[in-house]
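K.L.:
What follows is my_file28.pdb, PDB, C-alpha atoms.
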MODEL        1
ATOM      1  CA  MET C  26      28.827 -63.012  27.718  1.00  0.00           C
ATOM      2  CA  SER C  27      28.478 -62.280  24.033  1.00  0.00           C
ATOM      3  CA  PRO C  28      29.741 -58.939  22.819  1.00  0.00           C
ATOM      4  CA  SER C  29      27.107 -56.225  22.410  1.00  0.00           C
ATOM      5  CA  HIS C  30      26.254 -55.184  18.909  1.00  0.00           C
ATOM      6  CA  GLU C  31      25.377 -51.480  18.705  1.00  0.00           C
ATOM      7  CA  PRO C  32      23.730 -50.270  15.513  1.00  0.00           C
ATOM      8  CA  ALA C  33      26.104 -48.737  13.035  1.00  0.00           C
ATOM      9  CA  VAL C  34      25.970 -44.950  12.857  1.00  0.00           C
ATOM     10  CA  GLU C  35      25.306 -43.703   9.366  1.00  0.00           C
ATOM     11  CA  PRO C  36      27.680 -40.969   8.296  1.00  0.00           C
ATOM     12  CA  ALA C  37      26.093 -37.547   8.203  1.00  0.00           C
ATOM     13  CA  GLY C  38      25.166 -36.506   4.722  1.00  0.00           C
ATOM     14  CA  PRO C  39      25.528 -33.051   3.250  1.00  0.00           C
ATOM     15  CA  PRO C  40      23.177 -30.428   4.681  1.00  0.00           C
ATOM     16  CA  ALA C  41      19.863 -30.111   2.918  1.00  0.00           C
ATOM     17  CA  PRO C  42      19.946 -27.291   0.431  1.00  0.00           C
ATOM     18  CA  ARG C  43      18.144 -24.130   1.530  1.00  0.00           C
ATOM     19  CA  ARG C  44      14.826 -23.800  -0.181  1.00  0.00           C
ATOM     20  CA  ARG C  45      14.844 -20.949  -2.650  1.00  0.00           C
ATOM     21  CA  ASP C  46      12.158 -18.344  -2.097  1.00  0.00           C
ATOM     22  CA  PRO C  47      12.507 -15.795  -4.888  1.00  0.00           C
ATOM     23  CA  GLU C  48       9.163 -14.148  -4.172  1.00  0.00           C
ATOM     24  CA  GLY C  49      10.019 -13.846  -0.471  1.00  0.00           C
ATOM     25  CA  ARG C  50      13.371 -12.278  -1.282  1.00  0.00           C
ATOM     26  CA  ARG C  51      11.810  -9.865  -3.765  1.00  0.00           C
ATOM     27  CA  LEU C  52       9.248  -8.834  -1.133  1.00  0.00           C
ATOM     28  CA  ALA C  53      12.004  -8.330   1.452  1.00  0.00           C
ATOM     29  CA  ILE C  54      13.883  -6.046  -0.956  1.00  0.00           C
ATOM     30  CA  LEU C  55      10.730  -4.105  -1.794  1.00  0.00           C
ATOM     31  CA  THR C  56       9.788  -3.732   1.876  1.00  0.00           C
ATOM     32  CA  ALA C  57      13.283  -2.486   2.707  1.00  0.00           C
ATOM     33  CA  ALA C  58      13.039   0.054  -0.103  1.00  0.00           C
ATOM     34  CA  THR C  59       9.702   1.405   1.145  1.00  0.00           C
ATOM     35  CA  GLU C  60      11.080   1.728   4.674  1.00  0.00           C
ATOM     36  CA  ILE C  61      14.108   3.684   3.467  1.00  0.00           C
ATOM     37  CA  ILE C  62      11.910   6.005   1.405  1.00  0.00           C
ATOM     38  CA  VAL C  63       9.559   6.632   4.339  1.00  0.00           C
ATOM     39  CA  GLU C  64      12.393   7.214   6.825  1.00  0.00           C
ATOM     40  CA  GLN C  65      14.929   9.084   4.673  1.00  0.00           C
ATOM     41  CA  GLY C  66      13.247  10.098   1.415  1.00  0.00           C
ATOM     42  CA  HIS C  67      13.457   8.583  -2.054  1.00  0.00           C
ATOM     43  CA  ALA C  68      16.867  10.188  -2.733  1.00  0.00           C
ATOM     44  CA  ALA C  69      18.417   7.948  -0.046  1.00  0.00           C
ATOM     45  CA  LEU C  70      17.534   4.779  -1.968  1.00  0.00           C
ATOM     46  CA  THR C  71      20.629   2.867  -3.127  1.00  0.00           C
ATOM     47  CA  HIS C  72      21.280  -0.792  -3.908  1.00  0.00           C
ATOM     48  CA  ARG C  73      23.686  -1.030  -0.985  1.00  0.00           C
ATOM     49  CA  ALA C  74      21.280   0.554   1.518  1.00  0.00           C
ATOM     50  CA  VAL C  75      18.434  -1.722   0.418  1.00  0.00           C
ATOM     51  CA  ALA C  76      20.563  -4.882   0.510  1.00  0.00           C
ATOM     52  CA  LYS C  77      21.752  -4.045   4.015  1.00  0.00           C
ATOM     53  CA  ARG C  78      18.233  -3.331   5.273  1.00  0.00           C
ATOM     54  CA  ALA C  79      16.825  -6.483   3.655  1.00  0.00           C
ATOM     55  CA  SER C  80      19.798  -8.654   4.781  1.00  0.00           C
ATOM     56  CA  VAL C  81      20.370  -9.965   1.254  1.00  0.00           C
ATOM     57  CA  PRO C  82      23.446 -10.070  -0.975  1.00  0.00           C
ATOM     58  CA  LEU C  83      24.055  -6.831  -2.843  1.00  0.00           C
ATOM     59  CA  GLY C  84      23.570  -8.527  -6.209  1.00  0.00           C
ATOM     60  CA  SER C  85      20.056  -9.582  -5.273  1.00  0.00           C
ATOM     61  CA  THR C  86      18.696  -6.096  -5.737  1.00  0.00           C
ATOM     62  CA  THR C  87      19.622  -6.065  -9.417  1.00  0.00           C
ATOM     63  CA  GLN C  88      18.505  -9.654  -9.833  1.00  0.00           C
ATOM     64  CA  TYR C  89      14.917  -8.767  -8.969  1.00  0.00           C
ATOM     65  CA  PHE C  90      14.798  -5.132 -10.107  1.00  0.00           C
ATOM     66  CA  SER C  91      16.389  -3.964 -13.334  1.00  0.00           C
ATOM     67  CA  SER C  92      17.678  -0.667 -11.893  1.00  0.00           C
ATOM     68  CA  ILE C  93      17.458   1.566  -8.849  1.00  0.00           C
ATOM     69  CA  ASP C  94      14.820   3.586 -10.734  1.00  0.00           C
ATOM     70  CA  ASP C  95      12.764   0.430 -11.234  1.00  0.00           C
ATOM     71  CA  LEU C  96      13.048  -0.400  -7.531  1.00  0.00           C
ATOM     72  CA  ARG C  97      12.143   3.162  -6.531  1.00  0.00           C
ATOM     73  CA  GLU C  98       9.078   3.129  -8.774  1.00  0.00           C
ATOM     74  CA  CYS C  99       7.894  -0.239  -7.430  1.00  0.00           C
ATOM     75  CA  ALA C 100       8.394   0.933  -3.834  1.00  0.00           C
ATOM     76  CA  LEU C 101       6.485   4.161  -4.451  1.00  0.00           C
ATOM     77  CA  GLN C 102       3.737   2.179  -6.152  1.00  0.00           C
ATOM     78  CA  GLN C 103       3.416   0.041  -3.030  1.00  0.00           C
ATOM     79  CA  LEU C 104       3.256   3.122  -0.822  1.00  0.00           C
ATOM     80  CA  ALA C 105       0.603   4.635  -3.092  1.00  0.00           C
ATOM     81  CA  GLU C 106      -1.494   1.493  -2.722  1.00  0.00           C
ATOM     82  CA  GLU C 107      -1.239   1.753   1.050  1.00  0.00           C
ATOM     83  CA  ILE C 108      -2.410   5.369   0.877  1.00  0.00           C
ATOM     84  CA  ASP C 109      -5.295   4.362  -1.406  1.00  0.00           C
ATOM     85  CA  GLU C 110      -6.806   2.506   1.523  1.00  0.00           C
ATOM     86  CA  SER C 111      -7.469   5.826   3.242  1.00  0.00           C
ATOM     87  CA  ILE C 112      -9.727   6.855   0.356  1.00  0.00           C
ATOM     88  CA  ALA C 113     -11.803   3.711   0.790  1.00  0.00           C
ATOM     89  CA  ARG C 114     -12.271   4.535   4.476  1.00  0.00           C
ATOM     90  CA  LEU C 115     -13.696   7.967   3.580  1.00  0.00           C
ATOM     91  CA  GLU C 116     -16.305   6.678   1.165  1.00  0.00           C
ATOM     92  CA  PRO C 117     -19.033   5.650   3.678  1.00  0.00           C
ATOM     93  CA  PHE C 118     -19.124   9.178   5.126  1.00  0.00           C
ATOM     94  CA  VAL C 119     -19.235  11.302   1.959  1.00  0.00           C
ATOM     95  CA  ALA C 120     -23.009  11.326   1.506  1.00  0.00           C
ATOM     96  CA  THR C 121     -23.551  13.035   4.893  1.00  0.00           C
ATOM     97  CA  MET C 122     -20.259  14.929   5.196  1.00  0.00           C
ATOM     98  CA  VAL C 123     -21.844  18.404   5.164  1.00  0.00           C
ATOM     99  CA  GLU C 124     -24.498  17.616   7.781  1.00  0.00           C
ATOM    100  CA  HIS C 125     -22.254  15.333   9.868  1.00  0.00           C
ATOM    101  CA  PRO C 126     -18.583  16.116   9.168  1.00  0.00           C
ATOM    102  CA  ASP C 127     -17.089  14.463  12.262  1.00  0.00           C
ATOM    103  CA  PRO C 128     -16.586  10.932  10.803  1.00  0.00           C
ATOM    104  CA  ILE C 129     -14.768  12.175   7.714  1.00  0.00           C
ATOM    105  CA  ILE C 130     -12.699  14.587   9.821  1.00  0.00           C
ATOM    106  CA  ASP C 131     -11.788  11.673  12.110  1.00  0.00           C
ATOM    107  CA  GLU C 132     -10.410   9.776   9.105  1.00  0.00           C
ATOM    108  CA  MET C 133      -8.455  12.787   7.864  1.00  0.00           C
ATOM    109  CA  LEU C 134      -6.947  13.352  11.300  1.00  0.00           C
ATOM    110  CA  ALA C 135      -5.979   9.679  11.551  1.00  0.00           C
ATOM    111  CA  TYR C 136      -4.219  10.076   8.200  1.00  0.00           C
ATOM    112  CA  LEU C 137      -2.302  13.154   9.353  1.00  0.00           C
ATOM    113  CA  GLU C 138      -1.387  11.583  12.701  1.00  0.00           C
ATOM    114  CA  ASP C 139       0.238   8.519  11.101  1.00  0.00           C
ATOM    115  CA  PRO C 140       3.926   9.370  10.458  1.00  0.00           C
ATOM    116  CA  ARG C 141       4.377   6.520   7.968  1.00  0.00           C
ATOM    117  CA  THR C 142       1.447   7.680   5.849  1.00  0.00           C
ATOM    118  CA  VAL C 143       2.533  11.314   6.000  1.00  0.00           C
ATOM    119  CA  HIS C 144       6.117  10.567   4.999  1.00  0.00           C
ATOM    120  CA  ALA C 145       4.991   8.184   2.264  1.00  0.00           C
ATOM    121  CA  ASP C 146       2.702  10.857   0.826  1.00  0.00           C
ATOM    122  CA  ILE C 147       5.480  13.470   0.942  1.00  0.00           C
ATOM    123  CA  ALA C 148       7.842  11.037  -0.800  1.00  0.00           C
ATOM    124  CA  LEU C 149       5.264  10.580  -3.552  1.00  0.00           C
ATOM    125  CA  MET C 150       4.812  14.353  -3.915  1.00  0.00           C
ATOM    126  CA  THR C 151       8.519  15.109  -4.118  1.00  0.00           C
ATOM    127  CA  SER C 152       9.233  12.244  -6.499  1.00  0.00           C
ATOM    128  CA  GLY C 153       6.416  13.404  -8.759  1.00  0.00           C
ATOM    129  CA  MET C 154       7.868  16.906  -8.858  1.00  0.00           C
ATOM    130  CA  THR C 155      11.324  15.690  -9.886  1.00  0.00           C
ATOM    131  CA  ASP C 156      10.453  12.710 -12.102  1.00  0.00           C
ATOM    132  CA  ALA C 157       7.779  13.123 -14.761  1.00  0.00           C
ATOM    133  CA  ARG C 158       7.313   9.342 -14.955  1.00  0.00           C
ATOM    134  CA  LEU C 159       6.099   9.305 -11.354  1.00  0.00           C
ATOM    135  CA  ARG C 160       3.828  12.347 -11.582  1.00  0.00           C
ATOM    136  CA  ALA C 161       0.669  10.365 -12.262  1.00  0.00           C
ATOM    137  CA  LEU C 162       1.417   8.139  -9.281  1.00  0.00           C
ATOM    138  CA  ALA C 163       1.927  11.174  -7.038  1.00  0.00           C
ATOM    139  CA  LEU C 164      -1.343  12.738  -8.220  1.00  0.00           C
ATOM    140  CA  ARG C 165      -3.395   9.589  -7.783  1.00  0.00           C
ATOM    141  CA  TRP C 166      -4.420  10.234  -4.160  1.00  0.00           C
ATOM    142  CA  PRO C 167      -5.575  13.881  -4.583  1.00  0.00           C
ATOM    143  CA  GLU C 168      -7.329  13.051  -7.858  1.00  0.00           C
ATOM    144  CA  ARG C 169      -9.225  10.179  -6.261  1.00  0.00           C
ATOM    145  CA  LEU C 170     -10.105  12.365  -3.286  1.00  0.00           C
ATOM    146  CA  VAL C 171     -11.515  15.028  -5.626  1.00  0.00           C
ATOM    147  CA  GLU C 172     -13.449  12.407  -7.575  1.00  0.00           C
ATOM    148  CA  LEU C 173     -14.961  11.008  -4.377  1.00  0.00           C
ATOM    149  CA  LEU C 174     -15.869  14.302  -2.699  1.00  0.00           C
ATOM    150  CA  SER C 175     -17.203  15.884  -5.899  1.00  0.00           C
ATOM    151  CA  THR C 176     -20.203  13.574  -5.786  1.00  0.00           C
ATOM    152  CA  ARG C 177     -21.430  15.441  -2.701  1.00  0.00           C
ATOM    153  CA  ILE C 178     -19.952  18.953  -2.693  1.00  0.00           C
ATOM    154  CA  GLY C 179     -18.957  19.632  -6.290  1.00  0.00           C
ATOM    155  CA  GLU C 180     -15.552  19.737  -7.941  1.00  0.00           C
ATOM    156  CA  GLU C 181     -14.357  23.200  -6.818  1.00  0.00           C
ATOM    157  CA  ARG C 182     -14.967  22.509  -3.145  1.00  0.00           C
ATOM    158  CA  ALA C 183     -13.454  19.039  -3.501  1.00  0.00           C
ATOM    159  CA  VAL C 184     -10.307  20.497  -5.111  1.00  0.00           C
ATOM    160  CA  ALA C 185     -10.027  22.997  -2.247  1.00  0.00           C
ATOM    161  CA  ILE C 186     -10.170  20.176   0.307  1.00  0.00           C
ATOM    162  CA  ALA C 187      -7.602  18.137  -1.617  1.00  0.00           C
ATOM    163  CA  VAL C 188      -5.245  21.131  -1.622  1.00  0.00           C
ATOM    164  CA  LEU C 189      -5.883  21.572   2.107  1.00  0.00           C
ATOM    165  CA  MET C 190      -4.900  17.944   2.713  1.00  0.00           C
ATOM    166  CA  ASP C 191      -1.723  18.308   0.638  1.00  0.00           C
ATOM    167  CA  GLY C 192      -0.733  21.360   2.667  1.00  0.00           C
ATOM    168  CA  ALA C 193      -1.721  19.752   5.965  1.00  0.00           C
ATOM    169  CA  THR C 194       0.367  16.700   5.062  1.00  0.00           C
ATOM    170  CA  MET C 195       3.451  18.827   4.362  1.00  0.00           C
ATOM    171  CA  HIS C 196       2.835  20.742   7.604  1.00  0.00           C
ATOM    172  CA  ALA C 197       2.606  17.500   9.601  1.00  0.00           C
ATOM    173  CA  GLY C 198       5.788  16.188   8.000  1.00  0.00           C
ATOM    174  CA  LEU C 199       7.775  19.368   8.610  1.00  0.00           C
ATOM    175  CA  THR C 200       6.610  20.068  12.157  1.00  0.00           C
ATOM    176  CA  GLY C 201       5.935  16.534  13.366  1.00  0.00           C
ATOM    177  CA  THR C 202       2.580  17.776  14.661  1.00  0.00           C
ATOM    178  CA  PRO C 203      -0.596  17.773  12.547  1.00  0.00           C
ATOM    179  CA  LEU C 204      -3.152  20.542  12.648  1.00  0.00           C
ATOM    180  CA  GLY C 205      -5.534  20.181  15.566  1.00  0.00           C
ATOM    181  CA  ARG C 206      -9.088  18.934  15.373  1.00  0.00           C
ATOM    182  CA  ASP C 207     -10.604  22.390  15.904  1.00  0.00           C
ATOM    183  CA  GLU C 208      -8.520  23.882  13.086  1.00  0.00           C
ATOM    184  CA  ILE C 209      -9.283  21.073  10.662  1.00  0.00           C
ATOM    185  CA  THR C 210     -12.985  21.173  11.559  1.00  0.00           C
ATOM    186  CA  ARG C 211     -13.294  24.941  10.996  1.00  0.00           C
ATOM    187  CA  ILE C 212     -11.447  24.815   7.685  1.00  0.00           C
ATOM    188  CA  MET C 213     -13.339  21.774   6.452  1.00  0.00           C
ATOM    189  CA  ARG C 214     -16.715  23.279   7.303  1.00  0.00           C
ATOM    190  CA  ALA C 215     -15.774  26.492   5.505  1.00  0.00           C
ATOM    191  CA  LEU C 216     -14.557  24.686   2.385  1.00  0.00           C
ATOM    192  CA  MET C 217     -17.501  22.275   2.218  1.00  0.00           C
ATOM    193  CA  THR C 218     -19.987  25.170   2.177  1.00  0.00           C
ATOM    194  CA  MET C 219     -18.022  27.933   0.460  1.00  0.00           C
ATOM    195  CA  PRO C 220     -19.933  29.856  -2.228  1.00  0.00           C
ATOM    196  CA  VAL C 221     -19.204  28.609  -5.738  1.00  0.00           C
ATOM    197  CA  PRO C 222     -20.511  30.667  -8.695  1.00  0.00           C
ATOM    198  CA  GLY C 223     -23.151  28.765 -10.622  1.00  0.00           C
ATOM    199  CA  SER C 224     -23.560  26.108  -7.939  1.00  0.00           C
ATOM    200  CA  ALA C 225     -27.031  25.249  -6.679  1.00  0.00           C
ATOM    201  CA  ASN C 226     -25.592  25.204  -3.161  1.00  0.00           C
ATOM    202  CA  SER C 227     -23.761  28.548  -3.348  1.00  0.00           C
TER
ENDMDL
END
Written as structure tokens, how would this file's structure read?

P.N.:
Amino acid sequence: MSPSHEPAVEPAGPPAPRRRDPEGRRLAILTAATEIIVEQGHAALTHRAVAKRASVPLGSTTQYFSSIDDLRECALQQLAEEIDESIARLEPFVATMVEHPDPIIDEMLAYLEDPRTVHADIALMTSGMTDARLRALALRWPERLVELLSTRIGEERAVAIAVLMDGATMHAGLTGTPLGRDEITRIMRALMTMPVPGSANS
């Protein structure tokens, strides 16, 4: 019987290099930063904490962001963009908000009942109070809310509602429980129709 000839086994080559994904790593770092800010506040943001949360080498945070301030600002910008979406959801209900306030109140309650949104908004407020560079970012949500509501109820009433939402957000963050529907409804109805000197609707 002739000897069997088994095919030669090729020696294993070096492992294929891991594909670099700089944009994926940058996004992971940014996402970790937003989570830390939402959970612990912007003061808790450090390179080491972000690297640990994102499961990346410590040096990666400075590779993609020039400083911790740069990373903080980018993370807060991302949170602000998430909050902006709530303004878009209000827009379809503004035209009839006085006659039919329930849909817009539903959206405001959903905002206040979402812990991530509440804590993100508080982080923006506090960062804007302590860092002048971030003040415009912190004011973006209330200013857009005023701009939107003013088209239906005038600027003074819109400002009053924006201040209400700021206070209700802080209340929800501190207590862990937002104001109830009945409270929000009564206050909103009062503010939407409050007398304003010189207004045609006063």

K.L.:
How many Å separate atom CA of Gly179 of chain C from atom CA of Asp131 of chain C?

P.N.:
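Atom-to-atom, atom CA of Gly179 of chain C to atom CA of Asp131 of chain C, that is 21.3 Å.
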
K.L.:
Between C:Met195, C:Met154, C:Ala185, C:Ala76, single out the one closest to Ala215 of chain C, counting only C-alpha atoms.

P.N.:
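Looking at the shortest contact to Ala215 of chain C, the residue is C:Ala185.
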
K.L.:
Hey, can you check how far atom CA of Pro117 of chain C sits from atom CA of Leu101 of chain C?

P.N.:
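That distance, rounded to one decimal, is 26.8 Å.
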
K.L.:
Just to confirm, what's the straight-line distance from atom CA of Asp139 of chain C to atom CA of Arg211 of chain C in Å (one decimal)?

P.N.:
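Separating atom CA of Asp139 of chain C from atom CA of Arg211 of chain C is a distance of 21.3 Å.
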
K.L.:
Could you check which of C:Ala69, C:Met150, C:Leu216, C:Ala79 is closest to Ala57 of chain C, using only C-alpha atoms?

P.N.:
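Distance minimum relative to Ala57 of chain C lands on C:Ala79.
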
K.L.:
Can you tell me, as JSON, the centre and edge lengths (Å, one decimal) of the axis-aligned box enclosing all of segment 59-65 of chain C's listed atoms after padding each side by 6 Å?

P.N.:
{"center_x": 12.2, "center_y": 5.2, "center_z": 4.0, "size_x": 17.4, "size_y": 19.7, "size_z": 17.7}

K.L.:
Give me, as JSON, numbers by chain, all polymer residues having an atom no more than 10 Å from segment 103-112 of chain C, counting only C-alpha atoms and skipping those fewer than 5 positions away in the same chain.

P.N.:
{"C": [55, 56, 59, 60, 62, 63, 97, 98, 117, 132, 133, 135, 136, 141, 142, 143, 144, 145, 146, 148, 149, 162, 163, 164, 165, 166, 167, 169, 170, 173]}

K.L.:
Which residue gives the smallest distance to Ile178 of chain C among C:Leu159, C:Ile93, C:Leu52, C:Val123, with only C-alpha atoms counted?

P.N.:
C:Val123
